[in-house]
>>> print(open('input.cif').read())   # mmCIF, C-alpha atoms and all ligand atoms
data_work
#
loop_
_atom_site.label_atom_id
_atom_site.label_comp_id
_atom_site.auth_asym_id
_atom_site.auth_seq_id
_atom_site.Cartn_x
_atom_site.Cartn_y
_atom_site.Cartn_z
CA MET A 1 2.16 -103.76 20.04
CA SER A 2 -1.03 -104.07 22.12
CA LEU A 3 -1.23 -103.72 25.87
CA PRO A 4 -0.85 -106.88 27.97
CA LYS A 5 -3.91 -107.95 29.96
CA PHE A 6 -4.49 -106.18 33.27
CA GLU A 7 -7.29 -105.33 35.65
CA TYR A 8 -8.07 -101.60 36.07
CA ILE A 9 -8.80 -100.60 39.67
CA LYS A 10 -10.87 -97.44 40.20
CA VAL A 11 -10.21 -95.55 43.44
CA LYS A 12 -11.59 -92.36 44.97
CA SER A 13 -9.21 -91.58 47.83
CA ILE A 14 -5.55 -91.88 48.80
CA GLY A 15 -6.66 -94.36 51.47
CA GLU A 16 -8.12 -96.62 48.76
CA VAL A 17 -4.93 -96.31 46.67
CA CYS A 18 -2.77 -97.41 49.62
CA GLU A 19 -5.19 -100.23 50.44
CA ALA A 20 -5.07 -101.53 46.86
CA LEU A 21 -1.27 -101.19 46.75
CA GLY A 22 -1.00 -103.00 50.09
CA LYS A 23 -3.17 -105.82 48.74
CA TYR A 24 -1.54 -106.31 45.32
CA LYS A 25 1.99 -105.05 46.18
CA ARG A 26 4.45 -105.46 43.27
CA LYS A 27 1.70 -106.91 41.04
CA ALA A 28 0.16 -103.41 40.88
CA LYS A 29 1.17 -100.07 39.40
CA VAL A 30 -0.52 -96.74 39.83
CA MET A 31 -1.26 -94.73 36.71
CA ALA A 32 -1.25 -90.93 36.45
CA GLY A 33 -1.20 -89.68 32.82
CA GLY A 34 0.05 -93.02 31.51
CA THR A 35 2.58 -91.46 29.08
CA ASP A 36 5.41 -93.55 30.55
CA LEU A 37 3.48 -96.44 32.07
CA LEU A 38 1.47 -97.46 29.00
CA VAL A 39 4.53 -97.26 26.73
CA GLN A 40 6.46 -99.53 29.12
CA MET A 41 3.53 -101.95 29.27
CA LYS A 42 3.22 -102.08 25.49
CA ASP A 43 6.96 -102.77 25.24
CA ARG A 44 6.56 -105.47 27.97
CA VAL A 45 9.18 -103.69 30.11
CA ILE A 46 6.63 -104.07 32.92
CA THR A 47 3.49 -106.21 32.98
CA PRO A 48 1.46 -105.27 36.07
CA GLU A 49 -1.61 -107.43 36.73
CA TYR A 50 -3.42 -104.46 38.29
CA VAL A 51 -3.36 -100.80 37.25
CA ILE A 52 -4.68 -98.38 39.87
CA GLY A 53 -5.98 -95.22 38.18
CA LEU A 54 -5.32 -92.02 40.15
CA ARG A 55 -7.64 -89.89 37.99
CA GLY A 56 -10.67 -90.32 40.29
CA VAL A 57 -8.83 -89.27 43.45
CA GLU A 58 -10.15 -85.89 44.49
CA GLY A 59 -7.79 -82.97 45.15
CA LEU A 60 -4.68 -84.58 43.63
CA GLY A 61 -4.60 -82.20 40.65
CA ARG A 62 -4.38 -78.93 42.59
CA VAL A 63 -1.68 -76.31 42.05
CA VAL A 64 -1.89 -73.88 44.95
CA TYR A 65 0.38 -71.29 46.51
CA ASP A 66 0.82 -71.12 50.26
CA ARG A 67 2.61 -68.04 51.66
CA LYS A 68 4.46 -70.13 54.25
CA GLU A 69 5.16 -73.38 52.42
CA GLY A 70 5.42 -72.28 48.78
CA LEU A 71 4.01 -73.88 45.65
CA LYS A 72 2.08 -77.08 46.28
CA ILE A 73 1.67 -79.26 43.21
CA GLY A 74 -0.70 -82.22 43.47
CA ALA A 75 0.71 -85.47 42.09
CA MET A 76 -1.94 -85.50 39.33
CA ALA A 77 -1.32 -81.94 38.15
CA THR A 78 -0.24 -82.11 34.52
CA HIS A 79 2.75 -80.23 33.16
CA ARG A 80 0.26 -78.03 31.29
CA GLU A 81 -1.63 -77.16 34.48
CA VAL A 82 1.58 -75.97 36.15
CA ILE A 83 2.69 -74.10 33.03
CA ASN A 84 -0.70 -72.32 32.92
CA SER A 85 -0.76 -71.52 36.63
CA GLY A 86 -0.47 -67.76 37.12
CA VAL A 87 1.35 -68.05 40.43
CA ALA A 88 3.81 -70.61 39.05
CA ARG A 89 4.57 -68.35 36.09
CA ARG A 90 5.08 -65.32 38.35
CA ARG A 91 7.04 -66.90 41.19
CA TYR A 92 8.67 -70.01 39.68
CA PRO A 93 9.54 -69.07 36.06
CA SER A 94 12.49 -71.49 35.90
CA LEU A 95 10.19 -74.42 36.77
CA VAL A 96 7.66 -73.36 34.13
CA GLU A 97 10.44 -73.07 31.53
CA ALA A 98 11.70 -76.55 32.37
CA LEU A 99 8.21 -78.04 32.00
CA GLU A 100 7.76 -76.26 28.68
CA LYS A 101 10.77 -78.26 27.46
CA ILE A 102 9.04 -81.61 28.10
CA GLY A 103 7.94 -83.62 25.07
CA THR A 104 5.12 -82.35 22.85
CA GLY A 105 1.95 -80.42 23.63
CA GLN A 106 0.05 -83.70 23.95
CA VAL A 107 2.59 -85.13 26.38
CA ARG A 108 2.46 -81.96 28.49
CA ASN A 109 -1.35 -82.16 28.51
CA MET A 110 -1.37 -85.77 29.72
CA GLY A 111 1.85 -86.23 31.69
CA THR A 112 2.18 -85.22 35.34
CA ILE A 113 5.10 -84.03 37.45
CA GLY A 114 4.28 -86.85 39.89
CA GLY A 115 4.66 -89.37 37.06
CA ASN A 116 7.85 -87.72 35.84
CA ILE A 117 9.38 -88.08 39.32
CA CYS A 118 8.08 -91.60 40.09
CA ASN A 119 9.16 -92.94 36.70
CA ALA A 120 12.67 -91.94 37.83
CA ALA A 121 14.28 -91.68 34.41
CA PRO A 122 17.76 -90.11 34.74
CA SER A 123 16.67 -87.66 31.99
CA ALA A 124 13.43 -86.52 33.71
CA ASP A 125 13.25 -82.79 32.99
CA SER A 126 11.35 -81.74 36.11
CA ALA A 127 13.86 -83.30 38.50
CA PRO A 128 17.00 -81.10 38.20
CA ILE A 129 15.16 -77.79 38.56
CA LEU A 130 12.92 -79.07 41.38
CA ILE A 131 15.97 -80.39 43.27
CA ALA A 132 17.78 -77.08 42.69
CA LEU A 133 14.75 -75.23 44.09
CA GLY A 134 14.82 -77.43 47.20
CA ALA A 135 11.52 -79.24 46.55
CA GLU A 136 10.13 -81.87 48.91
CA VAL A 137 7.63 -84.61 48.14
CA ARG A 138 4.80 -85.85 50.33
CA ILE A 139 4.40 -89.62 50.23
CA ALA A 140 1.38 -91.51 51.61
CA GLY A 141 1.35 -95.16 52.64
CA ALA A 142 -0.54 -97.62 54.82
CA ASN A 143 1.33 -96.27 57.88
CA GLY A 144 0.62 -92.59 57.22
CA GLU A 145 2.49 -89.81 55.44
CA ARG A 146 6.12 -88.77 55.24
CA GLU A 147 8.01 -85.92 53.61
CA VAL A 148 11.24 -86.50 51.73
CA LEU A 149 13.59 -84.02 50.09
CA LEU A 150 13.30 -84.69 46.34
CA GLU A 151 17.09 -84.95 46.16
CA LYS A 152 16.84 -88.12 48.29
CA VAL A 153 14.00 -89.76 46.32
CA PHE A 154 15.94 -91.27 43.41
CA ARG A 155 17.74 -94.59 43.91
CA GLY A 156 18.59 -95.51 40.30
CA PRO A 157 16.97 -95.69 36.86
CA ARG A 158 13.23 -96.41 37.56
CA LYS A 159 13.96 -96.79 41.28
CA THR A 160 12.77 -94.47 44.04
CA VAL A 161 12.49 -94.61 47.82
CA LEU A 162 8.73 -95.22 47.55
CA GLY A 163 7.68 -98.51 49.14
CA ALA A 164 5.36 -100.99 47.38
CA ASP A 165 2.33 -99.62 49.23
CA GLU A 166 3.23 -95.94 48.89
CA VAL A 167 2.03 -93.22 46.54
CA LEU A 168 3.37 -89.73 45.89
CA VAL A 169 0.74 -87.18 46.86
CA GLU A 170 2.27 -83.74 46.49
CA ILE A 171 5.37 -81.82 45.50
CA VAL A 172 6.16 -78.72 47.56
CA VAL A 173 8.50 -76.07 46.14
CA PRO A 174 9.69 -73.59 48.80
CA ASN A 175 9.33 -69.85 48.39
CA GLU A 176 11.94 -68.08 46.33
CA ARG A 177 14.27 -65.98 48.53
CA VAL A 178 15.38 -62.39 47.99
CA HIS A 179 18.47 -62.08 45.74
CA SER A 180 18.09 -65.65 44.47
CA GLY A 181 17.68 -66.90 40.90
CA SER A 182 17.38 -70.22 39.08
CA HIS A 183 17.51 -71.64 35.57
CA TYR A 184 17.34 -74.97 33.68
CA GLU A 185 19.16 -75.82 30.46
CA LYS A 186 18.33 -78.88 28.35
CA LEU A 187 20.36 -80.35 25.53
CA PHE A 188 18.40 -82.61 23.22
CA ALA A 189 19.21 -84.11 19.87
CA ARG A 190 16.73 -82.78 17.29
CA THR A 191 13.21 -81.88 18.32
CA SER A 192 11.50 -81.16 21.61
CA VAL A 193 10.15 -84.75 21.58
CA ASP A 194 13.66 -85.92 22.38
CA LEU A 195 14.58 -86.68 25.94
CA ALA A 196 17.43 -84.72 27.47
CA ALA A 197 20.94 -85.79 26.51
CA VAL A 198 22.17 -83.45 29.23
CA GLY A 199 20.19 -81.32 31.66
CA ALA A 200 21.61 -78.74 34.07
CA ALA A 201 19.80 -76.66 36.65
CA CYS A 202 21.22 -73.98 38.90
CA TRP A 203 19.81 -72.11 41.88
CA LEU A 204 21.87 -69.54 43.71
CA ILE A 205 21.55 -66.76 46.23
CA LYS A 206 23.71 -63.65 46.39
CA ASP A 207 24.57 -61.37 49.26
CA GLY A 208 22.81 -58.10 48.39
CA LYS A 209 25.74 -55.92 49.55
CA SER A 210 28.95 -57.79 48.79
CA GLY A 211 27.74 -59.72 45.72
CA VAL A 212 29.18 -62.95 47.20
CA ILE A 213 27.28 -66.13 46.25
CA LYS A 214 26.09 -67.29 49.66
CA ASP A 215 24.71 -70.62 48.46
CA ILE A 216 24.36 -72.51 45.20
CA LYS A 217 22.95 -75.78 43.89
CA ILE A 218 23.96 -77.24 40.54
CA VAL A 219 21.96 -80.31 39.50
CA LEU A 220 22.67 -82.46 36.46
CA GLY A 221 20.24 -84.69 34.55
CA ALA A 222 20.87 -87.57 32.11
CA VAL A 223 24.56 -87.90 33.02
CA ALA A 224 24.31 -90.33 35.97
CA PRO A 225 21.92 -93.10 37.09
CA VAL A 226 19.96 -90.45 39.02
CA PRO A 227 19.65 -86.65 38.80
CA MET A 228 22.78 -85.57 40.69
CA ARG A 229 24.07 -82.54 42.59
CA ALA A 230 27.43 -81.41 41.22
CA LYS A 231 28.73 -80.58 44.69
CA LYS A 232 32.38 -80.06 43.74
CA ALA A 233 31.28 -77.54 41.10
CA GLU A 234 29.08 -75.80 43.67
CA ARG A 235 32.15 -75.37 45.90
CA VAL A 236 33.96 -73.54 43.08
CA ILE A 237 31.35 -70.76 43.24
CA LYS A 238 30.10 -70.77 46.84
CA GLY A 239 31.42 -67.96 49.04
CA LYS A 240 32.92 -66.02 46.14
CA VAL A 241 32.09 -63.10 43.89
CA VAL A 242 31.39 -64.88 40.65
CA THR A 243 33.57 -64.26 37.59
CA GLU A 244 33.66 -65.63 34.02
CA GLY A 245 36.69 -67.68 35.06
CA LEU A 246 34.89 -69.25 38.02
CA ILE A 247 31.84 -70.08 35.90
CA LYS A 248 34.08 -71.82 33.36
CA GLU A 249 35.88 -73.71 36.12
CA ALA A 250 32.55 -74.81 37.65
CA GLY A 251 31.49 -76.25 34.27
CA GLU A 252 34.75 -78.18 33.98
CA VAL A 253 34.55 -79.50 37.53
CA ALA A 254 30.90 -80.56 36.99
CA ALA A 255 31.92 -82.46 33.84
CA GLY A 256 34.58 -84.25 35.89
CA GLU A 257 32.15 -85.39 38.56
CA SER A 258 29.36 -86.40 36.12
CA LYS A 259 29.04 -90.11 35.30
CA PRO A 260 27.58 -90.22 31.78
CA ILE A 261 27.14 -93.29 29.61
CA SER A 262 26.94 -93.66 25.83
CA ASP A 263 23.49 -94.44 24.44
CA ILE A 264 21.40 -93.67 21.36
CA ARG A 265 21.05 -90.05 22.39
CA ALA A 266 24.72 -89.16 22.88
CA SER A 267 28.16 -90.57 23.57
CA GLU A 268 29.78 -90.39 26.98
CA GLU A 269 32.47 -88.00 25.68
CA TYR A 270 29.96 -85.65 24.05
CA ARG A 271 27.82 -85.57 27.17
CA ARG A 272 30.82 -84.72 29.34
CA GLU A 273 31.82 -81.89 27.00
CA MET A 274 28.27 -80.57 26.94
CA VAL A 275 27.97 -80.63 30.75
CA LYS A 276 30.58 -77.84 30.70
CA VAL A 277 28.43 -75.73 28.38
CA MET A 278 25.08 -76.50 30.05
CA VAL A 279 26.42 -75.72 33.53
CA ARG A 280 27.89 -72.41 32.36
CA ARG A 281 24.54 -71.48 30.80
CA ALA A 282 22.58 -72.61 33.86
CA ILE A 283 24.73 -70.48 36.20
CA LYS A 284 24.51 -67.43 33.94
CA GLY A 285 20.76 -67.93 33.53
CA ALA A 286 20.30 -68.12 37.30
CA LEU A 287 22.44 -64.98 37.83
CA GLY A 288 20.34 -63.18 35.23
CA ARG A 289 17.17 -64.01 37.16
CA ILE A 290 18.24 -62.37 40.42
CA ALA A 291 15.78 -59.57 41.02
C1 LIG A 301 6.54 -88.82 23.11
C2 LIG A 301 7.04 -88.65 24.52
C3 LIG A 301 7.91 -87.62 24.80
C4 LIG A 301 8.39 -87.43 26.10
N1 LIG A 301 9.26 -86.41 26.34
C5 LIG A 301 9.72 -86.21 27.60
C6 LIG A 301 10.64 -85.13 27.85
O1 LIG A 301 11.01 -84.35 26.98
N2 LIG A 301 11.09 -85.00 29.14
C7 LIG A 301 10.69 -85.83 30.15
O2 LIG A 301 11.14 -85.65 31.28
N3 LIG A 301 9.82 -86.85 29.94
C8 LIG A 301 9.33 -87.06 28.68
N4 LIG A 301 8.47 -88.11 28.43
C9 LIG A 301 8.13 -89.03 29.52
C10 LIG A 301 6.77 -88.76 30.24
O3 LIG A 301 5.87 -88.07 29.44
C11 LIG A 301 6.97 -87.99 31.55
O4 LIG A 301 7.87 -88.68 32.38
C12 LIG A 301 5.65 -87.76 32.29
O5 LIG A 301 5.78 -86.69 33.17
C13 LIG A 301 5.15 -89.00 33.03
O6 LIG A 301 3.96 -88.64 33.72
P1 LIG A 301 2.66 -89.53 33.64
O7 LIG A 301 1.63 -88.83 34.44
O8 LIG A 301 2.29 -89.84 32.24
O9 LIG A 301 3.16 -90.84 34.38
P2 LIG A 301 2.65 -92.35 34.25
O10 LIG A 301 3.05 -92.89 32.93
O11 LIG A 301 1.22 -92.47 34.63
O12 LIG A 301 3.53 -93.03 35.40
C14 LIG A 301 4.94 -93.14 35.30
C15 LIG A 301 5.48 -94.00 36.45
O13 LIG A 301 5.29 -93.35 37.69
C16 LIG A 301 4.42 -94.09 38.55
N5 LIG A 301 3.56 -93.08 39.19
C17 LIG A 301 2.85 -92.11 38.56
N6 LIG A 301 2.26 -91.32 39.46
C18 LIG A 301 2.59 -91.81 40.68
C19 LIG A 301 2.29 -91.40 42.01
N7 LIG A 301 1.55 -90.31 42.28
N8 LIG A 301 2.80 -92.12 43.03
C20 LIG A 301 3.57 -93.22 42.80
N9 LIG A 301 3.89 -93.65 41.55
C21 LIG A 301 3.41 -92.93 40.51
C22 LIG A 301 3.70 -95.08 37.66
O14 LIG A 301 3.33 -96.25 38.37
C23 LIG A 301 4.74 -95.34 36.60
O15 LIG A 301 5.67 -96.29 37.06
C24 LIG A 301 7.96 -88.31 27.14
C25 LIG A 301 7.06 -89.35 26.85
C26 LIG A 301 6.60 -89.52 25.58
C27 LIG A 301 5.62 -90.62 25.30
#
>>> encode(input="input.cif", output="structure tokens", more="lines below")
Ligand SMILES: Cc1cc2nc3c(=O)[nH]c(=O)nc-3n(C[C@H](O)[C@H](O)[C@H](O)COP(=O)(O)OP(=O)(O)OC[C@H]3O[C@@H](n4cnc5c(N)ncnc54)[C@H](O)[C@@H]3O)c2cc1C
Amino acid sequence: MSLPKFEYIKVKSIGEVCEALGKYKRKAKVMAGGTDLLVQMKDRVITPEYVIGLRGVEGLGRVVYDRKEGLKIGAMATHREVINSGVARRRYPSLVEALEKIGTGQVRNMGTIGGNICNAAPSADSAPILIALGAEVRIAGANGEREVLLEKVFRGPRKTVLGADEVLVEIVVPNERVHSGSHYEKLFARTSVDLAAVGAACWLIKDGKSGVIKDIKIVLGAVAPVPMRAKKAERVIKGKVVTEGLIKEAGEVAAGESKPISDIRASEEYRREMVKVMVRRAIKGALGRIA
């Protein structure tokens, strides 16, 4: 199917993006790589009258490391650019691995993390690991900028906290802490083109002396309307020296608190069963990463 008619708006700065969004409001959509947006337009899921291209906005594609703040990923940085970033590979290997699991080479070359977040699909692969790592996003609008914890950004399938005149500018991933580790597991049906049927990310931090898990985040993808923290499962592990039994229990508790649905990718029952496995693997993967 061909694209519906729309007017393409070229912009050069975040100020111009916000101005255009303020003017056209819900009639406009911003476009990053277009790998979600153009598909939805072709399928007539959305038919914006105006498409505001972010490509010409300077500085939005940067991936830089700041000793204090951590990894700063511009909203227009593609998955490939983060995967190829030396500092991301060295300091944030679990994020790089998660991005390597997205779609095909072409999709990773075109698609951005900003687009993956703003599209707000429950199966978005960047979301669980970024939430587990404690990422924040910087959002710009007509009234200035605000920072929001990524965990609080998702409101439902294709719904975020971004207002009609707001644009995501940057994702900030805090520095990894000593004795911490993280990992993302993705279950997909056949090939890497498939979206996640279940995703599970884990970040945890251990006490160097006692071996007690001081803090943990377990985040599930594709099993609820939004990427969700499995907080009851976290409580199974937090404050304890981890054992095989506790890891198994955490998987079972996470399955209990997940809210999967049946769709073409997997049934509700299968998803729930697989949450147990994915969570176990995510915890073990994170433990294995502790330096
Ligand atoms: C064949 C194929 C395979 C795929 N496989 C996967 C997969 O395995 N895992 C996965 O997670 N995804 C997958 N996707 C989905 C898609 O590629 C990703 O979600 C991608 O990261 C979207 O980024 P984009 O830059 O193309 O976003 P776009 O399509 O440009 O935008 C997506 C949405 O976000 C909004 N948006 C984009 N940037 C901003 C911004 N800075 N501020 C505010 N709003 C913004 C747009 O208005 C639009 O609503 C796949 C897609 C295809 C076509």
>>> closest_residue(input="input.cif", among="A:Gly144, A:Gly74, A:Gly288, A:Pro48", to="A:Asp165", atoms="only C-alpha atoms")
A:Gly144
>>> residues_near_ligand(input="input.cif", ligand="ligand LIG 301 (chain A)", cutoff="8 Å", atoms="all atoms listed in the file", output="count of residues only")
51
>>> atom_distance(input="input.cif", atom1="atom CA of A:Glu269", atom2="atom CA of A:Gly156")
21.5 Å
>>> atom_distance(input="input.cif", atom1="atom CA of A:Glu97", atom2="atom CA of A:Pro174")
17.3 Å
>>> residues_around(input="input.cif", residues="stretch 50-52 of chain A", least_positions_apart="6", cutoff="7 Å", atoms="all atoms listed in the file", output="PyMOL selection string")
chain A and resi 6-10+27-31
>>> closest_atom_pairs(input="input.cif", of="stretch 213-234 of chain A", to="stretch 251-267 of chain A", cutoff="9 Å", atoms="all atoms listed in the file", output="CSV")
residue,atom,partner,partner_atom,distance
A:Ile218,CA,A:Ala254,CA,8.5
A:Leu220,CA,A:Ser258,CA,7.8
A:Ala222,CA,A:Pro260,CA,7.2
A:Val223,CA,A:Pro260,CA,4.0
A:Ala224,CA,A:Lys259,CA,4.8
A:Pro225,CA,A:Lys259,CA,7.9
A:Met228,CA,A:Ser258,CA,8.1
A:Ala230,CA,A:Ala254,CA,5.5
A:Lys231,CA,A:Ala254,CA,8.0
A:Lys232,CA,A:Val253,CA,6.6
A:Ala233,CA,A:Ala254,CA,5.1
A:Glu234,CA,A:Ala254,CA,8.4
>>> closest_residue(input="input.cif", among="A:Ala201, A:Val11, A:Ile171, A:Ala189", to="A:Pro227", atoms="all atoms listed in the file")
A:Ala201
>>> atom_distance(input="input.cif", atom1="atom CA of A:Val219", atom2="atom CA of A:Val82")
21.1 Å
>>> closest_residue(input="input.cif", among="A:Glu244, A:Glu69, A:Glu273, A:Glu185", to="A:Val173", atoms="all atoms listed in the file")
A:Glu69
>>> build_atoms(input="input.cif", residues="stretch 38-52 of chain A", atoms="N, CA and C atoms", output="PDB file, keeping the file's coordinate frame")
ATOM      1  N   LEU A  38       2.094 -96.676  30.075  1.00  0.00           N
ATOM      2  CA  LEU A  38       1.470 -97.460  29.000  1.00  0.00           C
ATOM      3  C   LEU A  38       2.493 -97.834  27.919  1.00  0.00           C
ATOM      4  N   VAL A  39       3.460 -96.945  27.696  1.00  0.00           N
ATOM      5  CA  VAL A  39       4.530 -97.260  26.730  1.00  0.00           C
ATOM      6  C   VAL A  39       5.335 -98.461  27.237  1.00  0.00           C
ATOM      7  N   GLN A  40       5.679 -98.426  28.543  1.00  0.00           N
ATOM      8  CA  GLN A  40       6.460 -99.530  29.120  1.00  0.00           C
ATOM      9  C   GLN A  40       5.662-100.838  29.127  1.00  0.00           C
ATOM     10  N   MET A  41       4.358-100.725  29.296  1.00  0.00           N
ATOM     11  CA  MET A  41       3.530-101.950  29.270  1.00  0.00           C
ATOM     12  C   MET A  41       3.438-102.503  27.858  1.00  0.00           C
ATOM     13  N   LYS A  42       3.266-101.612  26.890  1.00  0.00           N
ATOM     14  CA  LYS A  42       3.220-102.080  25.490  1.00  0.00           C
ATOM     15  C   LYS A  42       4.518-102.758  25.088  1.00  0.00           C
ATOM     16  N   ASP A  43       5.641-102.186  25.564  1.00  0.00           N
ATOM     17  CA  ASP A  43       6.960-102.770  25.240  1.00  0.00           C
ATOM     18  C   ASP A  43       7.290-103.963  26.127  1.00  0.00           C
ATOM     19  N   ARG A  44       6.371-104.328  27.033  1.00  0.00           N
ATOM     20  CA  ARG A  44       6.560-105.470  27.970  1.00  0.00           C
ATOM     21  C   ARG A  44       7.773-105.260  28.888  1.00  0.00           C
ATOM     22  N   VAL A  45       8.122-103.975  29.128  1.00  0.00           N
ATOM     23  CA  VAL A  45       9.180-103.690  30.110  1.00  0.00           C
ATOM     24  C   VAL A  45       8.627-104.012  31.498  1.00  0.00           C
ATOM     25  N   ILE A  46       7.345-103.681  31.692  1.00  0.00           N
ATOM     26  CA  ILE A  46       6.630-104.070  32.920  1.00  0.00           C
ATOM     27  C   ILE A  46       5.271-104.634  32.526  1.00  0.00           C
ATOM     28  N   THR A  47       4.807-105.610  33.278  1.00  0.00           N
ATOM     29  CA  THR A  47       3.490-106.210  32.980  1.00  0.00           C
ATOM     30  C   THR A  47       2.680-106.337  34.275  1.00  0.00           C
ATOM     31  N   PRO A  48       2.227-105.187  34.821  1.00  0.00           N
ATOM     32  CA  PRO A  48       1.460-105.270  36.070  1.00  0.00           C
ATOM     33  C   PRO A  48       0.124-105.983  35.853  1.00  0.00           C
ATOM     34  N   GLU A  49      -0.302-106.763  36.848  1.00  0.00           N
ATOM     35  CA  GLU A  49      -1.610-107.430  36.730  1.00  0.00           C
ATOM     36  C   GLU A  49      -2.734-106.462  37.060  1.00  0.00           C
ATOM     37  N   TYR A  50      -2.405-105.436  37.878  1.00  0.00           N
ATOM     38  CA  TYR A  50      -3.420-104.460  38.290  1.00  0.00           C
ATOM     39  C   TYR A  50      -2.886-103.047  38.027  1.00  0.00           C
ATOM     40  N   VAL A  51      -3.723-102.207  37.444  1.00  0.00           N
ATOM     41  CA  VAL A  51      -3.360-100.800  37.250  1.00  0.00           C
ATOM     42  C   VAL A  51      -4.367 -99.964  38.047  1.00  0.00           C
ATOM     43  N   ILE A  52      -3.826 -99.193  38.996  1.00  0.00           N
ATOM     44  CA  ILE A  52      -4.680 -98.380  39.870  1.00  0.00           C
ATOM     45  C   ILE A  52      -4.712 -96.953  39.314  1.00  0.00           C
TER      46      ILE A  52
END
